[in-house]
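Chemist: Take a look at this one; I'll ask things after.
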Amino acid sequence: MAVLPQHLYAKIELMKLENYHIESNNSDLVAAHQRKLEFISSEIPESSAIIDKLVDFQIAIPSWALGTGGTRFGRFSSGGEPRNIEEKIEDIGLLHKLNGASGAISLHIPWDTADNPAAIKALAAQHGLRFDAMNSNTFQDQTDQELSYKFGSLQHVDKAVRQQAIDHNIEVIRQGVELGSKALTVWLSDGSCFPGQLNFRKAFQNTLESLREIYAALPADWKVFVEYKAFEPNFYSTTVGDWGQSLLYTSKLGSQAYTLVDLGHHLPNANIEQIVSLLLMEEKLGGFHFNDSKYGDDDLTAGSMKPYQLFLIFNELVEGMDTRGMNHKDDLGWMIDASHNVKDPLEDLLQSVEAIMIAYAQALSVDREALVAAQAISDVVRCQEILQQAFRTDVRPLVAEARLRAGAALNPLAVYRQNKVREELIKNRGAKTVATGL
Ligand SMILES: [Mn+2]
């Protein structure tokens with residue numbers, strides 16, 4: 001291939017997806033879209049207000065979801081994976097351009113440490129992205145790390161290990177401040193694999209004491225999210241194992257500390273919608289990680305297994321946030337936390353965002369007044385009918401209309417495939433790239 005001048009290489013980078021690619025696809029679909037939209041608008045009286053809320057709603061994409069996820073058995077790259085933070089931002093910019101709903105990025109430190117935060121911030125702004133919660137990592141050892149997290153981090157029996165983990169979290173806050181982030185998410189793999197390995201009370205107290213030091217380093221306008229997980233990589237006990245334990249920590253820490261719910265981090269059949277409702281009631285729900293599962297922490301595409309559960313969760317979120325006069329868009333942190341073994345990660349993320357928007361739109365369309373009235377007279381049949389009426393209504397035209405109004409694609413996946421975006425990425429980045437991730 002002939003050597004091109006540098007400015008033409010830059011142009012190739014930007015050629016992946018232009019507005020006219022989106023507009024041309026939209027113009028093919030818009031007539032059919034309008035017919036569906038008119039029908040649904042006649043069925044749902046408040047459809048216009050719902051579309052406005054959908055336009056506003058943004059779901060953060062984690063930097064580690066852009067590569068093909070692995071299991072402990074192996075990892076199969078789909079090619080063209082982002083090789084650095086700049087390319088991760090580029091990928092999320094692409095998603096946001098397609099769906100108008102992925103306007104934030106959640107970074108993972110040390111994987112995404114930026115050498116030049118001002119330049120990274122400017123690059124993100126060019127793509128219309130802001131920095132969502134920062135994520136620390138004390139669940140694996142880094143090559144330059146002095147002490148090991150093999151037996152835990154913030155819970156560790158050795159104060160020096162705890163201090164190292166505390167310092168890391170404070171460093172993550174520092175990096176986040178430079179990028180304009182406003183939150184730190186702490187997920188700990190701390191726990192034990194066998195009975196007797198750990199004194200539960202001491203592990204809790206060590207963890208709380210460590211979290212207090214991190215909390216003390218939070219800027220006044222920051223939040224800390226304490227994420228819980230029932231099991232894995234520890235298989236006997238987890239030191240932040242469920243929402244009760246997270247709530248204990250966040251209550252003891254103070255008003256800037258909140259519980260974070262990751263859908264995959266519960267034991268089978270847990271009533272997650274009830275957990276969400278009560279955390280909201282206690283003003284302690286801070287953020288949300290979306291994914292889906294069949295068996296455990298499967299990290300599958302949101303809405304791919306249990307769409308009714310996703311709807312019921314959103315039903316509680318909308319009801320609880322409205323009761324407290326919260327802003328749907330900003331008052332909770334919304335993020336996808338999924339990992340993909342067999343799909344193109346960008347296509348999978350488009351599917352997840354779509355599923356989340358559908359569940360949100362359905363929850364917004366629930367006849368709340370009628371539900372309150374039916375609950376007040378214990379009319380169980382009517383209650384079920386009201387919820388299922390919303391769940392069984394095809395609100396996809398409302399979600400598509402929100403995208404159209406945001407200047408995005410009526411059918412993001414079709415635009416992505418028609419323009420062979422993955423092929424372009426492979427051409428630019430190579431077939432054997434492997435992004436940092438899980
Ligand atoms: Mn998570």
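Simple scheme: letters A, B, ... for chains in structure tokens order, numbers from 1 for residues in each chain, numbers from 1 for ligands in the order shown.
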What lies within 12 Å of region 390-392 of chain A using only C-alpha atoms, ignoring chain neighbours under 4 positions off, as a list in words?

Modeler: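 Once the adjacent positions are removed, what remains is Ile40, Glu43, Ile44, Pro307, Tyr308, Gln309, Leu310, Phe311, Leu312, Ile313, Phe314, Asn315, Ile358, Ala359, Tyr360, Ala361, Gln362, Ala363, Leu364, Ser365, Val366, Asp367, Arg368, Leu371, Cys383, Gln384, Glu385, Ile386 and Arg396 of chain A.
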
Chemist: Output C-alpha atoms for every residue in that selection, as a short mmCIF file (atom, residue, chain, number, x, y, z; two decimals), in the first residue's frame.

Modeler:
data_model
loop_
_atom_site.label_atom_id
_atom_site.label_comp_id
_atom_site.auth_asym_id
_atom_site.auth_seq_id
_atom_site.Cartn_x
_atom_site.Cartn_y
_atom_site.Cartn_z
CA ILE A 40 -48.37 3.45 19.62
CA GLU A 43 -52.37 3.61 22.50
CA ILE A 44 -50.22 5.42 25.10
CA PRO A 307 -36.84 -9.30 30.01
CA TYR A 308 -39.83 -9.34 32.39
CA GLN A 309 -37.49 -9.10 35.39
CA LEU A 310 -35.72 -6.16 33.75
CA PHE A 311 -39.08 -4.46 33.27
CA LEU A 312 -40.11 -5.13 36.90
CA ILE A 313 -36.81 -3.62 38.10
CA PHE A 314 -37.39 -0.51 36.00
CA ASN A 315 -40.95 -0.37 37.26
CA ILE A 358 -37.38 -0.71 26.08
CA ALA A 359 -37.72 -1.75 29.74
CA TYR A 360 -37.46 1.90 30.82
CA ALA A 361 -40.10 3.00 28.28
CA GLN A 362 -42.44 0.20 29.37
CA ALA A 363 -42.00 1.18 33.03
CA LEU A 364 -42.78 4.80 32.14
CA SER A 365 -45.99 3.67 30.46
CA VAL A 366 -47.38 1.80 33.49
CA ASP A 367 -50.73 3.25 34.57
CA ARG A 368 -49.53 4.22 38.08
CA LEU A 371 -52.03 0.37 39.96
CA CYS A 383 -52.49 -5.37 39.46
CA GLN A 384 -51.05 -8.10 37.27
CA GLU A 385 -53.08 -6.94 34.26
CA ILE A 386 -51.78 -3.38 34.62
CA ARG A 396 -39.90 -0.02 20.25
#

Chemist: Please find the residues contacting ligand 1 at a distance of at most 12 Å between atoms, with only C-alpha atoms and all ligand atoms counted, and report them as a compact mmCIF listing (two decimals) with C-alpha atoms, in the first residue's frame.

Modeler:
# COMPACT_ATOMS: atom_id res chain seq x y z
CA ILE A 61 -20.41 1.93 28.72
CA PRO A 62 -17.51 0.39 30.65
CA TRP A 64 -13.72 -3.29 29.54
CA ALA A 65 -16.84 -4.30 27.58
CA SER A 106 -16.68 4.23 32.80
CA HIS A 108 -11.04 0.95 34.96
CA ALA A 133 -17.89 6.32 37.74
CA MET A 134 -14.23 5.30 37.98
CA ASN A 135 -13.51 1.67 38.87
CA SER A 136 -10.63 0.53 41.04
CA ASN A 137 -9.03 -2.89 40.77
CA THR A 185 -17.12 2.26 42.29
CA VAL A 186 -15.50 -0.20 44.66
CA TRP A 187 -16.04 -3.84 43.86
CA LEU A 188 -14.11 -6.19 46.09
CA SER A 189 -13.37 -9.81 45.36
CA PHE A 225 -20.59 3.12 45.24
CA VAL A 226 -20.07 -0.12 47.16
CA GLU A 227 -20.91 -3.03 44.87
CA TYR A 228 -21.81 -6.42 46.30
CA LYS A 229 -21.50 -9.91 44.88
CA ALA A 230 -22.69 -13.21 46.33
CA THR A 259 -25.05 0.75 47.35
CA LEU A 260 -24.57 -0.37 43.76
CA VAL A 261 -26.73 -3.15 42.32
CA ASP A 262 -25.24 -5.40 39.64
CA LEU A 263 -27.97 -7.65 38.27
CA GLY A 264 -25.67 -10.67 37.96
CA HIS A 265 -24.38 -10.52 41.53
CA HIS A 266 -27.34 -12.19 43.26
CA GLY A 287 -25.95 2.99 40.79
CA PHE A 288 -26.85 0.13 38.56
CA HIS A 289 -24.93 -2.39 36.49
CA PHE A 290 -27.03 -4.03 33.78
CA ASN A 291 -26.52 -7.53 32.41
CA ASP A 292 -28.53 -10.73 32.36
CA ASP A 297 -22.85 -13.99 37.10
CA ASP A 298 -23.17 -14.88 33.42
CA ASP A 299 -22.75 -11.28 32.21
CA GLY A 333 -25.42 5.92 37.88
CA TRP A 334 -26.52 3.71 34.95
CA MET A 335 -24.02 1.37 33.42
CA ILE A 336 -23.82 -1.84 31.41
CA ASP A 337 -21.56 -4.44 32.98
CA ALA A 338 -21.55 -7.34 30.59
CA SER A 339 -18.95 -9.45 28.86
CA LEU A 438 -12.46 -9.46 31.89

Chemist: Could you tell me which of A:Lys252, A:Arg403, A:Arg422, A:Lys88 comes closest to Asn26 (chain A) if we count only C-alpha atoms?

Modeler: A:Arg403

Chemist: Select, from A:Lys97, A:Arg72, A:Lys223, A:Lys150, the residue with the minimum atom-to-atom distance to Lys182 (chain A), counting only C-alpha atoms.

Modeler: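 Nearest candidate to Lys182 (chain A) out of A:Lys97, A:Arg72, A:Lys223, A:Lys150: A:Lys223.
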
Chemist: Could you tell me, as a VMD selection string, which residues of region 310-375 of chain A DSSP assigns to strand (DSSP E) when given the backbone?

Modeler: chain A and resid 333 to 336

Chemist: Go through A:Asp379, A:Gly100, A:Phe131, A:Leu248 and flag the residue nearest Leu350 (chain A), using only C-alpha atoms for the distances.

Modeler: A:Gly100

Chemist: For Ser77 (chain A), list every protein, DNA or RNA residue within 10 Å, evaluated using only C-alpha atoms, and leave out those in the same chain fewer than 5 positions away; present the list as a list of chain:residue names.

Modeler: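 Once the adjacent positions are removed, what remains is A:Gly67, A:Thr68, A:Gly69, A:Gly70, A:Asn341, A:Val342, A:Lys343, A:Asp344, A:Pro345, A:Ala431, A:Lys432, A:Thr433, A:Val434, A:Ala435.
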
Chemist: With C-alpha atoms retained, write the just-selected residues as a PDB file, in the first residue's frame.

Modeler:
ATOM      1  CA  GLY A  67     -13.213  -6.394  23.853  1.00  0.00           C
ATOM      2  CA  THR A  68     -14.476  -9.940  23.576  1.00  0.00           C
ATOM      3  CA  GLY A  69     -14.840 -11.272  27.076  1.00  0.00           C
ATOM      4  CA  GLY A  70     -13.259 -14.494  28.130  1.00  0.00           C
ATOM      5  CA  ASN A 341     -17.715 -14.579  24.600  1.00  0.00           C
ATOM      6  CA  VAL A 342     -19.273 -15.111  21.209  1.00  0.00           C
ATOM      7  CA  LYS A 343     -20.684 -11.785  19.990  1.00  0.00           C
ATOM      8  CA  ASP A 344     -19.145  -8.710  18.453  1.00  0.00           C
ATOM      9  CA  PRO A 345     -18.895  -6.544  21.621  1.00  0.00           C
ATOM     10  CA  ALA A 431      -7.292  -9.003  13.645  1.00  0.00           C
ATOM     11  CA  LYS A 432      -5.351 -10.155  16.688  1.00  0.00           C
ATOM     12  CA  THR A 433      -5.832  -7.230  19.054  1.00  0.00           C
ATOM     13  CA  VAL A 434      -6.933  -8.013  22.593  1.00  0.00           C
ATOM     14  CA  ALA A 435      -8.382  -5.245  24.751  1.00  0.00           C
TER      15      ALA A 435
END

Chemist: Please identify all polymer residues within 7 Å of Ser192 (chain A), counting only C-alpha atoms, omitting same-chain residues fewer than 2 positions from it, and present them as a list in words.

Modeler: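 What passes the distance filter is Phe194, Gln197, Leu198, Asn234, Phe235, Tyr236, Ser237 and Thr238 of chain A.
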
Chemist: Identify which of the residues A:Lys159, A:Lys121, A:Lys306, A:Lys284 lies closest to Gln175 (chain A), counting only C-alpha atoms when measuring atom-to-atom distances.

Modeler: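 Among the listed residues, the smallest separation from Gln175 (chain A) belongs to A:Lys121.
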
Chemist: Using DSSP assignments from the backbone, pull out every residue in region 174-270 of chain A that falls under helix (DSSP H, G or I) and give it to me as a PyMOL selection string.

Modeler: chain A and resi 174-179+200-216+243-253+263-265

Chemist: Keeping only C-alpha atoms, write the selected residues to a file as a short mmCIF file (atom, residue, chain, number, x, y, z; two decimals), in the first residue's frame.

Modeler:
data_model
loop_
_atom_site.label_atom_id
_atom_site.label_comp_id
_atom_site.auth_asym_id
_atom_site.auth_seq_id
_atom_site.Cartn_x
_atom_site.Cartn_y
_atom_site.Cartn_z
CA ARG A 174 -7.33 11.55 41.83
CA GLN A 175 -7.33 10.37 38.22
CA GLY A 176 -11.13 10.67 38.09
CA VAL A 177 -11.04 14.26 39.31
CA GLU A 178 -8.77 15.16 36.39
CA LEU A 179 -11.26 13.66 33.93
CA PHE A 200 -16.08 -12.67 59.34
CA ARG A 201 -16.28 -9.89 61.91
CA LYS A 202 -12.62 -8.90 61.60
CA ALA A 203 -12.84 -9.00 57.78
CA PHE A 204 -15.85 -6.70 57.93
CA GLN A 205 -14.17 -4.32 60.36
CA ASN A 206 -10.94 -4.17 58.36
CA THR A 207 -12.93 -3.48 55.21
CA LEU A 208 -14.98 -0.78 56.89
CA GLU A 209 -11.89 0.89 58.31
CA SER A 210 -10.26 0.82 54.86
CA LEU A 211 -13.38 2.19 53.17
CA ARG A 212 -13.44 5.01 55.73
CA GLU A 213 -9.98 6.13 54.62
CA ILE A 214 -11.07 6.08 50.97
CA TYR A 215 -14.27 7.90 51.86
CA ALA A 216 -12.27 10.62 53.60
CA TRP A 243 -27.22 -5.76 49.58
CA GLY A 244 -27.53 -6.01 53.36
CA GLN A 245 -23.77 -6.02 53.82
CA SER A 246 -23.31 -3.22 51.30
CA LEU A 247 -26.00 -1.19 53.06
CA LEU A 248 -24.21 -1.72 56.38
CA TYR A 249 -20.99 -0.29 54.93
CA THR A 250 -22.65 2.62 53.12
CA SER A 251 -24.78 3.53 56.14
CA LYS A 252 -21.75 3.59 58.41
CA LEU A 253 -19.67 5.56 55.90
CA LEU A 263 -27.97 -7.65 38.27
CA GLY A 264 -25.67 -10.67 37.96
CA HIS A 265 -24.38 -10.52 41.53
#

Chemist: Give the answer as one residue: which of A:Pro117, A:His340, A:Asp91, A:Leu280 has the shortest atom-to-atom distance to Arg75 (chain A), using only C-alpha atoms?

Modeler: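 Using only C-alpha atoms, Arg75 (chain A) sits closest to A:His340.
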
Chemist: To one decimal place in Å, what is the distance between CA of His33 (chain A) and CA of Ala400 (chain A)?

Modeler: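 Atom-to-atom, CA of His33 (chain A) to CA of Ala400 (chain A), that is 8.0 Å.
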
Chemist: Report the distance between CA of Lys16 (chain A) and CA of Lys420 (chain A) in Å, rounded to one decimal place.

Modeler: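 CA of Lys16 (chain A) sits 8.5 Å away from CA of Lys420 (chain A).
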
Chemist: Quote the spacing between CA of Pro268 (chain A) and CA of Met305 (chain A) in Å to one decimal place.

Modeler: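 Between CA of Pro268 (chain A) and CA of Met305 (chain A) the gap is 13.2 Å.
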
Chemist: From the options A:Glu424, A:Glu369, A:Glu354, A:Glu283, which residue's atoms come nearest to Leu95 (chain A), counting only C-alpha atoms?

Modeler: A:Glu354
